[in-house]
file coords.txt (compact mmCIF, C-alpha atoms and all ligand atoms)
# COMPACT_ATOMS: atom_id res chain seq x y z
CA MET F 1 20.70 23.38 -48.72
CA ALA F 2 21.48 19.69 -48.39
CA THR F 3 23.14 20.29 -45.02
CA ARG F 4 20.08 22.20 -43.76
CA SER F 5 17.56 19.49 -44.62
CA ARG F 6 19.79 16.79 -43.08
CA SER F 7 20.04 18.73 -39.83
CA LEU F 8 16.24 19.18 -39.79
CA THR F 9 15.76 15.43 -40.17
CA CYS F 10 18.21 14.84 -37.36
CA THR F 11 16.42 17.33 -35.12
CA ARG F 12 13.05 15.72 -35.87
CA ALA F 13 14.40 12.27 -35.14
CA TRP F 14 15.92 13.54 -31.92
CA ILE F 15 12.65 15.17 -30.84
CA CYS F 16 10.73 11.96 -31.62
CA ALA F 17 13.19 9.86 -29.66
CA GLU F 18 13.00 12.26 -26.71
CA THR F 19 9.21 12.39 -26.80
CA PHE F 20 8.39 8.74 -27.23
CA SER F 21 11.22 6.86 -25.53
CA MET F 22 9.96 4.65 -22.70
CA PRO F 23 11.44 5.73 -19.36
CA ALA F 24 13.76 3.21 -17.74
CA PHE F 25 12.13 0.69 -15.37
CA GLY F 26 11.98 2.14 -11.85
CA SER F 27 13.19 5.62 -12.90
CA LYS F 28 11.40 8.83 -11.88
CA GLY F 29 9.90 9.11 -15.37
CA PHE F 30 8.64 5.52 -15.10
CA THR F 31 6.88 6.08 -11.74
CA ARG F 32 5.40 9.33 -13.11
CA LEU F 33 4.03 7.40 -16.11
CA ILE F 34 2.54 4.66 -13.88
CA LYS F 35 1.00 7.31 -11.62
CA THR F 36 -0.60 8.98 -14.66
CA LEU F 37 -2.08 5.62 -15.67
CA LEU F 38 -3.11 4.81 -12.10
CA TRP F 39 -5.39 7.85 -11.76
CA PRO F 40 -7.91 6.85 -14.46
CA LEU F 41 -7.72 3.23 -13.28
CA CYS F 42 -8.55 4.25 -9.69
CA LEU F 43 -11.41 6.45 -10.90
CA ALA F 44 -12.85 3.78 -13.25
CA PRO F 45 -15.07 2.13 -10.57
CA LEU F 46 -16.56 5.54 -9.73
CA LEU F 47 -17.24 6.22 -13.42
CA TRP F 48 -18.91 2.81 -13.78
CA LEU F 49 -21.07 3.40 -10.67
CA GLY F 50 -21.89 6.97 -11.79
CA LEU F 51 -22.99 5.77 -15.25
CA GLY F 52 -25.05 3.03 -13.58
CA ALA F 53 -26.66 5.42 -11.09
CA PHE F 54 -27.83 7.74 -13.90
CA GLU F 55 -28.54 4.84 -16.29
CA LEU F 56 -26.24 6.21 -18.98
CA LEU F 57 -24.64 4.35 -21.92
CA GLY F 58 -26.59 1.21 -21.09
CA PHE F 59 -25.26 0.88 -17.52
CA ASN F 60 -27.59 0.31 -14.56
CA LEU F 61 -27.35 -0.73 -10.93
CA GLY F 62 -30.14 -3.31 -10.94
CA ALA F 63 -33.33 -3.48 -8.91
CA ASN F 64 -31.90 -1.89 -5.76
CA PRO F 65 -29.47 0.84 -6.91
CA VAL F 66 -28.83 2.31 -3.44
CA GLU F 67 -27.87 -1.09 -2.02
CA LYS F 68 -25.70 -1.84 -5.06
CA LEU F 69 -23.98 1.55 -4.74
CA LEU F 70 -23.42 1.06 -1.00
CA HIS F 71 -22.00 -2.44 -1.42
CA GLU F 72 -19.77 -1.66 -4.41
CA LEU F 73 -18.29 1.47 -2.79
CA GLY F 74 -17.60 -0.55 0.40
CA LYS F 75 -15.89 -3.29 -1.58
CA TRP F 76 -13.82 -0.90 -3.70
CA GLY F 77 -12.75 0.94 -0.55
CA LEU F 78 -11.62 -2.34 0.96
CA LYS F 79 -9.81 -3.36 -2.24
CA PHE F 80 -7.83 -0.11 -2.24
CA LEU F 81 -7.08 -0.54 1.46
CA LEU F 82 -5.67 -4.04 0.83
CA LEU F 83 -3.71 -2.80 -2.20
CA THR F 84 -2.18 -0.09 0.02
CA LEU F 85 -1.16 -2.73 2.55
CA ALA F 86 0.28 -4.93 -0.21
CA ILE F 87 2.83 -2.29 -1.28
CA THR F 88 5.34 -2.89 1.55
CA PRO F 89 5.52 -6.73 1.24
CA LEU F 90 5.70 -6.42 -2.56
CA ARG F 91 8.52 -3.90 -2.24
CA TYR F 92 10.62 -6.22 -0.13
CA TRP F 93 9.96 -9.38 -2.13
CA THR F 94 10.59 -7.85 -5.53
CA GLY F 95 13.17 -5.22 -4.56
CA TRP F 96 11.03 -2.68 -6.47
CA HIS F 97 11.30 0.05 -3.86
CA TRP F 98 9.77 2.60 -6.23
CA LEU F 99 6.39 0.94 -5.53
CA VAL F 100 6.25 3.05 -2.37
CA THR F 101 5.51 6.08 -4.61
CA PHE F 102 1.98 4.76 -5.15
CA ARG F 103 1.11 3.96 -1.53
CA ARG F 104 -0.22 7.41 -0.68
CA LEU F 105 -2.37 7.56 -3.82
CA LEU F 106 -3.89 4.12 -3.17
CA GLY F 107 -4.48 4.94 0.52
CA LEU F 108 -6.24 8.18 -0.36
CA PHE F 109 -8.42 6.38 -2.89
CA ALA F 110 -9.33 3.83 -0.18
CA PHE F 111 -10.44 6.67 2.08
CA PHE F 112 -12.27 8.38 -0.82
CA TYR F 113 -14.33 5.27 -1.70
CA LEU F 114 -15.08 4.48 1.95
CA PHE F 115 -16.16 8.05 2.61
CA LEU F 116 -18.50 7.80 -0.41
CA HIS F 117 -19.75 4.48 1.04
CA PHE F 118 -20.55 6.31 4.28
CA LEU F 119 -22.19 9.22 2.36
CA VAL F 120 -24.44 6.83 0.41
CA TYR F 121 -25.47 5.25 3.69
CA ILE F 122 -26.23 8.51 5.52
CA VAL F 123 -27.77 10.42 2.57
CA LEU F 124 -29.49 7.83 0.37
CA ASP F 125 -30.21 5.08 2.89
CA ARG F 126 -30.82 7.05 6.11
CA TYR F 127 -32.00 10.36 4.53
CA LEU F 128 -29.62 12.38 6.75
CA ASP F 129 -31.18 11.00 9.94
CA PHE F 130 -28.17 11.54 12.24
CA SER F 131 -29.96 10.36 15.38
CA GLY F 132 -30.74 7.15 13.45
CA LEU F 133 -27.04 6.87 12.63
CA LEU F 134 -26.17 7.20 16.34
CA GLU F 135 -28.72 4.50 17.16
CA ASP F 136 -27.17 2.26 14.48
CA ILE F 137 -23.67 2.84 15.85
CA VAL F 138 -24.86 1.78 19.32
CA GLU F 139 -27.21 -1.04 18.37
CA ARG F 140 -25.71 -2.61 15.23
CA PRO F 141 -22.19 -3.88 15.93
CA TYR F 142 -21.22 -4.08 12.25
CA ILE F 143 -21.95 -0.34 11.89
CA THR F 144 -19.86 0.33 15.04
CA LEU F 145 -16.97 -1.55 13.42
CA GLY F 146 -17.35 0.22 10.05
CA MET F 147 -17.61 3.64 11.64
CA THR F 148 -14.52 3.03 13.80
CA GLY F 149 -12.61 1.76 10.74
CA LEU F 150 -13.48 4.89 8.78
CA LEU F 151 -12.68 7.25 11.67
CA LEU F 152 -9.25 5.61 12.04
CA LEU F 153 -8.54 6.41 8.40
CA LEU F 154 -9.42 10.09 8.79
CA PRO F 155 -6.21 11.24 10.59
CA LEU F 156 -4.18 9.18 8.12
CA ALA F 157 -5.76 10.92 5.14
CA LEU F 158 -5.29 14.33 6.79
CA THR F 159 -1.62 13.73 7.61
CA SER F 160 -0.66 12.05 4.35
CA THR F 161 1.19 15.10 3.00
CA ARG F 162 4.99 15.55 3.01
CA GLY F 163 4.55 18.54 5.35
CA TRP F 164 2.83 16.40 7.99
CA MET F 165 5.35 13.62 7.47
CA ARG F 166 8.14 16.09 8.30
CA ARG F 167 6.24 17.65 11.21
CA LEU F 168 5.42 14.33 12.88
CA GLY F 169 8.81 12.68 12.23
CA ARG F 170 8.93 9.19 13.76
CA ARG F 171 5.40 9.54 15.10
CA TRP F 172 4.10 9.65 11.51
CA LYS F 173 5.06 6.01 10.93
CA LYS F 174 3.48 4.97 14.24
CA LEU F 175 0.27 6.87 13.47
CA HIS F 176 0.02 5.34 10.01
CA ARG F 177 0.12 1.85 11.49
CA LEU F 178 -3.56 2.51 12.26
CA VAL F 179 -4.22 1.46 8.67
CA TYR F 180 -3.87 -2.17 9.82
CA ALA F 181 -6.48 -1.70 12.56
CA SER F 182 -8.80 0.00 10.06
CA ALA F 183 -8.45 -2.87 7.56
CA ILE F 184 -9.15 -5.46 10.30
CA LEU F 185 -12.26 -3.56 11.39
CA GLY F 186 -13.34 -3.12 7.74
CA VAL F 187 -13.09 -6.85 6.98
CA TRP F 188 -14.78 -7.70 10.27
CA HIS F 189 -17.60 -5.22 9.41
CA PHE F 190 -17.98 -6.90 6.00
CA TYR F 191 -18.03 -10.38 7.53
CA TRP F 192 -20.55 -9.43 10.19
CA GLN F 193 -23.14 -7.95 7.84
CA VAL F 194 -23.14 -10.85 5.33
CA LYS F 195 -26.28 -12.88 5.76
CA LEU F 196 -25.72 -16.11 3.84
CA ASP F 197 -22.78 -16.41 1.48
CA THR F 198 -19.62 -15.67 3.43
CA LEU F 199 -17.23 -16.77 0.67
CA GLU F 200 -16.35 -13.26 -0.59
CA ALA F 201 -15.83 -11.85 2.89
CA THR F 202 -13.66 -14.90 3.71
CA VAL F 203 -11.47 -14.22 0.66
CA TYR F 204 -10.92 -10.61 1.82
CA ALA F 205 -10.17 -11.87 5.36
CA LEU F 206 -7.60 -14.39 4.04
CA ILE F 207 -5.87 -11.74 1.88
CA LEU F 208 -5.67 -9.42 4.88
CA ALA F 209 -4.32 -12.24 7.09
CA ALA F 210 -1.62 -13.01 4.48
CA LEU F 211 -0.63 -9.34 4.28
CA LEU F 212 -0.43 -9.03 8.07
CA LEU F 213 1.64 -12.22 8.27
CA ALA F 214 4.03 -10.91 5.59
CA ARG F 215 4.39 -7.72 7.61
CA ILE F 216 5.19 -9.63 10.83
CA VAL F 217 7.73 -11.88 9.05
CA HIS F 218 9.41 -8.82 7.52
CA SER F 219 9.58 -6.97 10.87
CA ARG F 220 11.12 -10.03 12.59
CA ARG F 221 13.72 -10.48 9.86
CA LYS F 222 14.59 -6.80 10.04
CA ALA F 223 14.96 -6.98 13.85
CA ALA F 224 17.15 -10.11 13.53
CA ARG F 225 19.34 -8.38 10.92
CA ILE F 226 19.78 -5.33 13.16
CA GLN F 227 20.72 -7.60 16.08
CA VAL F 228 23.28 -9.53 14.00
CA ARG F 229 24.77 -6.23 12.80
CA SER F 230 25.02 -4.81 16.31
CA GLU F 231 26.58 -8.08 17.56
CA THR F 232 29.17 -7.92 14.76
CA LEU F 233 30.06 -4.38 15.68
CA LEU F 234 30.02 -4.94 19.45
CA PRO F 235 31.29 -8.48 20.18
CA GLU F 236 31.17 -9.49 23.84
CA ASP F 237 34.94 -10.03 24.07
CA SER F 238 35.64 -6.48 22.88
CA GLY F 239 34.31 -5.23 26.22
CA GLY F 240 31.53 -3.37 24.45
CA ALA F 241 33.96 -1.31 22.34
CA PRO F 242 33.01 -1.16 18.67
CA LEU F 243 35.37 -2.87 16.22
CA ARG F 244 37.08 -0.64 13.70
CA ARG F 245 36.77 -1.93 10.15
C1 LIG S 1 -13.19 0.82 7.04
C2 LIG S 1 -14.44 1.20 6.79
C3 LIG S 1 -15.44 0.36 6.01
C4 LIG S 1 -15.25 -0.67 5.15
C5 LIG S 1 -13.92 -1.28 4.71
C6 LIG S 1 -16.54 -1.10 4.68
C7 LIG S 1 -16.77 -2.10 3.77
C8 LIG S 1 -18.00 -2.66 3.49
C9 LIG S 1 -18.21 -3.80 2.67
C10 LIG S 1 -17.12 -4.55 1.94
C11 LIG S 1 -19.54 -4.06 2.66
C12 LIG S 1 -20.24 -5.25 2.02
C13 LIG S 1 -20.49 -5.20 0.59
C14 LIG S 1 -21.24 -6.42 0.12
O1 LIG S 1 -21.89 -7.11 0.91
O2 LIG S 1 -21.20 -6.69 -1.08
C15 LIG S 1 -20.18 -3.07 3.47
C16 LIG S 1 -21.53 -2.99 3.68
C17 LIG S 1 -22.14 -2.02 4.41
N1 LIG S 1 -21.50 -0.99 5.07
FE1 LIG S 1 -19.52 -0.64 5.15
N2 LIG S 1 -17.51 -0.31 5.26
C18 LIG S 1 -16.87 0.59 6.08
C19 LIG S 1 -17.46 1.57 6.81
C20 LIG S 1 -18.82 1.75 6.89
C21 LIG S 1 -19.46 2.85 7.57
C22 LIG S 1 -18.73 4.01 8.26
C23 LIG S 1 -20.82 2.67 7.45
C24 LIG S 1 -21.93 3.51 7.94
C25 LIG S 1 -21.93 4.16 9.04
C26 LIG S 1 -21.02 1.46 6.70
C27 LIG S 1 -22.25 0.92 6.39
C28 LIG S 1 -22.46 -0.22 5.66
C29 LIG S 1 -23.78 -0.77 5.37
C30 LIG S 1 -25.11 -0.22 5.84
C31 LIG S 1 -23.57 -1.91 4.59
C32 LIG S 1 -24.62 -2.82 3.97
C33 LIG S 1 -25.20 -3.74 4.97
C34 LIG S 1 -26.34 -4.58 4.40
O3 LIG S 1 -26.56 -4.60 3.19
O4 LIG S 1 -27.00 -5.21 5.19
N3 LIG S 1 -19.78 0.94 6.37
N4 LIG S 1 -19.22 -2.21 3.97

call {"tool": "encode", "arguments": {"input": "coords.txt", "output": "structure tokens"}}
result
Amino acid sequence: MATRSRSLTCTRAWICAETFSMPAFGSKGFTRLIKTLLWPLCLAPLLWLGLGAFELLGFNLGANPVEKLLHELGKWGLKFLLLTLAITPLRYWTGWHWLVTFRRLLGLFAFFYLFLHFLVYIVLDRYLDFSGLLEDIVERPYITLGMTGLLLLLPLALTSTRGWMRRLGRRWKKLHRLVYASAILGVWHFYWQVKLDTLEATVYALILAALLLARIVHSRRKAARIQVRSETLLPEDSGGAPLRR
């Protein structure tokens, strides 16, 4: 009897340890846990705006709810776009290469919020007046910039799956560089439509500039490293023949 109860205790302790042990930093279990936490975090702005739009639980969107909705969705879209761009520099500076696991999720949330931003504009602001939208695209440069930025994100969202990654091979990486152009157009669109206080748009522009600079510095270092490596393997005096090591 005594043996049986001891083994039960052991089993229970083992189950508890298995169930509640924190996965090791950077492991597959760890990234899965972060991803699980990231989902509700990424959806929180939408929940807040939804509660505000329907005036639930004491939330509201102020005197001009459509404008508030439009502006907040635009800003959240831009925040997610900048977060997506921050993954690569962060990866190289910290050595936390597992961060790349979250890039697709953040990029898709950027597209999701910006598409909602567009929907609010066309449905709630323009009442589905598509000819009016065309006029806006032609006559209001900030709308031209925003529309182009969003359209550039569309093929990226559509080809973000592993299947498309495999199908496009090297071209996938090239195509996904469009995210930089989209972010530039998005920030420009923001800057252009601000009437008085440009501080917030300037902060977004500076963050984007820093991220682009980090990207350029990283690419140059990588190119220099490749050159040094190829020079070490093919020294001039070896007549172009690689050295055996
Ligand atoms: C990359 C795509 C886009 C980004 C990053 C973006 C971002 C933003 C941001 C940050 C704001 C300003 C929010 C504020 O002032 O607090 C804004 C405003 C606005 N956006 Fe966009 N947007 C994009 C695409 C679009 C598209 C496709 C449309 C419609 C065709 C659009 C229409 C507007 C309008 C009408 C405003 C408000 C202008 C005003 O209040 O005068 N945006 N957007």

call {"tool": "residues_near_ligand", "arguments": {"input": "coords.txt", "ligand": "ligand LIG 1 (chain S)", "cutoff": "6 Å", "atoms": "all atoms listed in the file", "output": "list in words"}}
result
His71, Gly74, Lys75, Gly77, Leu78, Leu114, Phe118, Tyr121, Ile143, Gly146, Met147, Gly149, Leu150, Ser182, Gly186, Phe190, Gln193 and Val194 of chain F

call {"tool": "write_last_selection", "arguments": {"input": "coords.txt", "atoms": "C-alpha atoms", "output": "CSV table (one decimal), keeping the file's coordinate frame"}}
result
chain,number,residue,atom,x,y,z
F,71,HIS,CA,-22.0,-2.4,-1.4
F,74,GLY,CA,-17.6,-0.6,0.4
F,75,LYS,CA,-15.9,-3.3,-1.6
F,77,GLY,CA,-12.8,0.9,-0.6
F,78,LEU,CA,-11.6,-2.3,1.0
F,114,LEU,CA,-15.1,4.5,2.0
F,118,PHE,CA,-20.6,6.3,4.3
F,121,TYR,CA,-25.5,5.2,3.7
F,143,ILE,CA,-22.0,-0.3,11.9
F,146,GLY,CA,-17.4,0.2,10.0
F,147,MET,CA,-17.6,3.6,11.6
F,149,GLY,CA,-12.6,1.8,10.7
F,150,LEU,CA,-13.5,4.9,8.8
F,182,SER,CA,-8.8,0.0,10.1
F,186,GLY,CA,-13.3,-3.1,7.7
F,190,PHE,CA,-18.0,-6.9,6.0
F,193,GLN,CA,-23.1,-8.0,7.8
F,194,VAL,CA,-23.1,-10.8,5.3

call {"tool": "residues_around", "arguments": {"input": "coords.txt", "residues": "stretch 203-218 of chain F", "least_positions_apart": "6", "cutoff": "10 Å", "atoms": "only C-alpha atoms", "output": "PyMOL selection string"}}
result
chain F and resi 75+78-79+81-83+85-90+92-93+180+183-184+186-188+190-191+224

call {"tool": "closest_residue", "arguments": {"input": "coords.txt", "among": "F:Val228, F:Leu105, F:Ile122, F:Leu145", "to": "F:Thr36", "atoms": "only C-alpha atoms"}}
result
F:Leu105

call {"tool": "residues_around", "arguments": {"input": "coords.txt", "residues": "F:Leu158", "least_positions_apart": "5", "cutoff": "10 Å", "atoms": "all atoms listed in the file", "output": "ChimeraX atom specification"}}
result
/F:108,153,164

call {"tool": "axis_aligned_box", "arguments": {"input": "coords.txt", "around": "stretch 174-189 of chain F", "padding_each_side": "8 Å", "output": "JSON"}}
result
{"center_x": -7.1, "center_y": -0.4, "center_z": 10.6, "size_x": 37.1, "size_y": 30.6, "size_z": 23.3}

call {"tool": "residues_around", "arguments": {"input": "coords.txt", "residues": "stretch 49-56 of chain F", "least_positions_apart": "4", "cutoff": "8 Å", "atoms": "all atoms listed in the file", "output": "ChimeraX atom specification"}}
result
/F:45,60-61,65,69

call {"tool": "atom_distance", "arguments": {"input": "coords.txt", "atom1": "atom CA of F:Phe30", "atom2": "atom CA of F:Leu106"}}
result
17.4 Å

call {"tool": "atom_distance", "arguments": {"input": "coords.txt", "atom1": "atom CA of F:Pro155", "atom2": "atom CA of F:His117"}}
result
17.9 Å

call {"tool": "build_atoms", "arguments": {"input": "coords.txt", "residues": "stretch 134-162 of chain F", "atoms": "N, CA and C atoms", "output": "PDB file, in the coordinates of the input"}}
result
ATOM      1  N   LEU F 134     -26.687   7.436  14.980  1.00  0.00           N
ATOM      2  CA  LEU F 134     -26.170   7.200  16.340  1.00  0.00           C
ATOM      3  C   LEU F 134     -26.756   5.915  16.920  1.00  0.00           C
ATOM      4  N   GLU F 135     -28.069   5.731  16.690  1.00  0.00           N
ATOM      5  CA  GLU F 135     -28.720   4.500  17.160  1.00  0.00           C
ATOM      6  C   GLU F 135     -28.069   3.270  16.531  1.00  0.00           C
ATOM      7  N   ASP F 136     -27.811   3.375  15.201  1.00  0.00           N
ATOM      8  CA  ASP F 136     -27.170   2.260  14.480  1.00  0.00           C
ATOM      9  C   ASP F 136     -25.793   1.951  15.057  1.00  0.00           C
ATOM     10  N   ILE F 137     -25.040   3.043  15.338  1.00  0.00           N
ATOM     11  CA  ILE F 137     -23.670   2.840  15.850  1.00  0.00           C
ATOM     12  C   ILE F 137     -23.730   2.088  17.189  1.00  0.00           C
ATOM     13  N   VAL F 138     -24.754   2.416  18.005  1.00  0.00           N
ATOM     14  CA  VAL F 138     -24.860   1.780  19.320  1.00  0.00           C
ATOM     15  C   VAL F 138     -25.449   0.372  19.212  1.00  0.00           C
ATOM     16  N   GLU F 139     -26.461   0.224  18.358  1.00  0.00           N
ATOM     17  CA  GLU F 139     -27.210  -1.040  18.370  1.00  0.00           C
ATOM     18  C   GLU F 139     -26.763  -2.073  17.345  1.00  0.00           C
ATOM     19  N   ARG F 140     -26.112  -1.628  16.260  1.00  0.00           N
ATOM     20  CA  ARG F 140     -25.710  -2.610  15.230  1.00  0.00           C
ATOM     21  C   ARG F 140     -24.187  -2.694  15.208  1.00  0.00           C
ATOM     22  N   PRO F 141     -23.655  -3.777  15.786  1.00  0.00           N
ATOM     23  CA  PRO F 141     -22.190  -3.880  15.930  1.00  0.00           C
ATOM     24  C   PRO F 141     -21.422  -3.733  14.620  1.00  0.00           C
ATOM     25  N   TYR F 142     -22.002  -4.199  13.495  1.00  0.00           N
ATOM     26  CA  TYR F 142     -21.220  -4.080  12.250  1.00  0.00           C
ATOM     27  C   TYR F 142     -21.073  -2.620  11.827  1.00  0.00           C
ATOM     28  N   ILE F 143     -22.070  -1.782  12.199  1.00  0.00           N
ATOM     29  CA  ILE F 143     -21.950  -0.340  11.890  1.00  0.00           C
ATOM     30  C   ILE F 143     -20.902   0.275  12.833  1.00  0.00           C
ATOM     31  N   THR F 144     -20.881  -0.169  14.095  1.00  0.00           N
ATOM     32  CA  THR F 144     -19.860   0.330  15.040  1.00  0.00           C
ATOM     33  C   THR F 144     -18.468   0.045  14.475  1.00  0.00           C
ATOM     34  N   LEU F 145     -18.286  -1.182  13.967  1.00  0.00           N
ATOM     35  CA  LEU F 145     -16.970  -1.550  13.420  1.00  0.00           C
ATOM     36  C   LEU F 145     -16.615  -0.707  12.194  1.00  0.00           C
ATOM     37  N   GLY F 146     -17.588  -0.557  11.286  1.00  0.00           N
ATOM     38  CA  GLY F 146     -17.350   0.220  10.050  1.00  0.00           C
ATOM     39  C   GLY F 146     -17.025   1.665  10.367  1.00  0.00           C
ATOM     40  N   MET F 147     -17.805   2.234  11.291  1.00  0.00           N
ATOM     41  CA  MET F 147     -17.610   3.640  11.640  1.00  0.00           C
ATOM     42  C   MET F 147     -16.220   3.842  12.268  1.00  0.00           C
ATOM     43  N   THR F 148     -15.843   2.913  13.161  1.00  0.00           N
ATOM     44  CA  THR F 148     -14.520   3.030  13.800  1.00  0.00           C
ATOM     45  C   THR F 148     -13.421   2.911  12.740  1.00  0.00           C
ATOM     46  N   GLY F 149     -13.602   1.954  11.816  1.00  0.00           N
ATOM     47  CA  GLY F 149     -12.610   1.760  10.740  1.00  0.00           C
ATOM     48  C   GLY F 149     -12.438   3.021   9.920  1.00  0.00           C
ATOM     49  N   LEU F 150     -13.554   3.671   9.600  1.00  0.00           N
ATOM     50  CA  LEU F 150     -13.480   4.890   8.780  1.00  0.00           C
ATOM     51  C   LEU F 150     -12.846   6.039   9.571  1.00  0.00           C
ATOM     52  N   LEU F 151     -13.237   6.158  10.843  1.00  0.00           N
ATOM     53  CA  LEU F 151     -12.680   7.250  11.670  1.00  0.00           C
ATOM     54  C   LEU F 151     -11.168   7.091  11.857  1.00  0.00           C
ATOM     55  N   LEU F 152     -10.707   5.841  11.905  1.00  0.00           N
ATOM     56  CA  LEU F 152      -9.250   5.610  12.040  1.00  0.00           C
ATOM     57  C   LEU F 152      -8.508   6.071  10.791  1.00  0.00           C
ATOM     58  N   LEU F 153      -9.198   6.000   9.652  1.00  0.00           N
ATOM     59  CA  LEU F 153      -8.540   6.410   8.400  1.00  0.00           C
ATOM     60  C   LEU F 153      -8.456   7.922   8.256  1.00  0.00           C
ATOM     61  N   LEU F 154      -9.355   8.632   8.955  1.00  0.00           N
ATOM     62  CA  LEU F 154      -9.420  10.090   8.790  1.00  0.00           C
ATOM     63  C   LEU F 154      -8.091  10.798   9.131  1.00  0.00           C
ATOM     64  N   PRO F 155      -7.491  10.550  10.325  1.00  0.00           N
ATOM     65  CA  PRO F 155      -6.210  11.240  10.590  1.00  0.00           C
ATOM     66  C   PRO F 155      -5.113  10.832   9.623  1.00  0.00           C
ATOM     67  N   LEU F 156      -5.209   9.629   9.071  1.00  0.00           N
ATOM     68  CA  LEU F 156      -4.180   9.180   8.120  1.00  0.00           C
ATOM     69  C   LEU F 156      -4.296   9.958   6.813  1.00  0.00           C
ATOM     70  N   ALA F 157      -5.553  10.158   6.381  1.00  0.00           N
ATOM     71  CA  ALA F 157      -5.760  10.920   5.140  1.00  0.00           C
ATOM     72  C   ALA F 157      -5.313  12.370   5.344  1.00  0.00           C
ATOM     73  N   LEU F 158      -5.630  12.927   6.523  1.00  0.00           N
ATOM     74  CA  LEU F 158      -5.290  14.330   6.790  1.00  0.00           C
ATOM     75  C   LEU F 158      -3.783  14.556   6.912  1.00  0.00           C
ATOM     76  N   THR F 159      -3.070  13.550   7.395  1.00  0.00           N
ATOM     77  CA  THR F 159      -1.620  13.730   7.610  1.00  0.00           C
ATOM     78  C   THR F 159      -0.784  13.022   6.535  1.00  0.00           C
ATOM     79  N   SER F 160      -1.394  12.806   5.373  1.00  0.00           N
ATOM     80  CA  SER F 160      -0.660  12.050   4.350  1.00  0.00           C
ATOM     81  C   SER F 160       0.304  12.915   3.532  1.00  0.00           C
ATOM     82  N   THR F 161       0.321  14.223   3.796  1.00  0.00           N
ATOM     83  CA  THR F 161       1.190  15.100   3.000  1.00  0.00           C
ATOM     84  C   THR F 161       2.647  15.064   3.493  1.00  0.00           C
ATOM     85  N   ARG F 162       3.563  15.498   2.637  1.00  0.00           N
ATOM     86  CA  ARG F 162       4.990  15.550   3.010  1.00  0.00           C
ATOM     87  C   ARG F 162       5.209  16.469   4.211  1.00  0.00           C
TER      88      ARG F 162
END
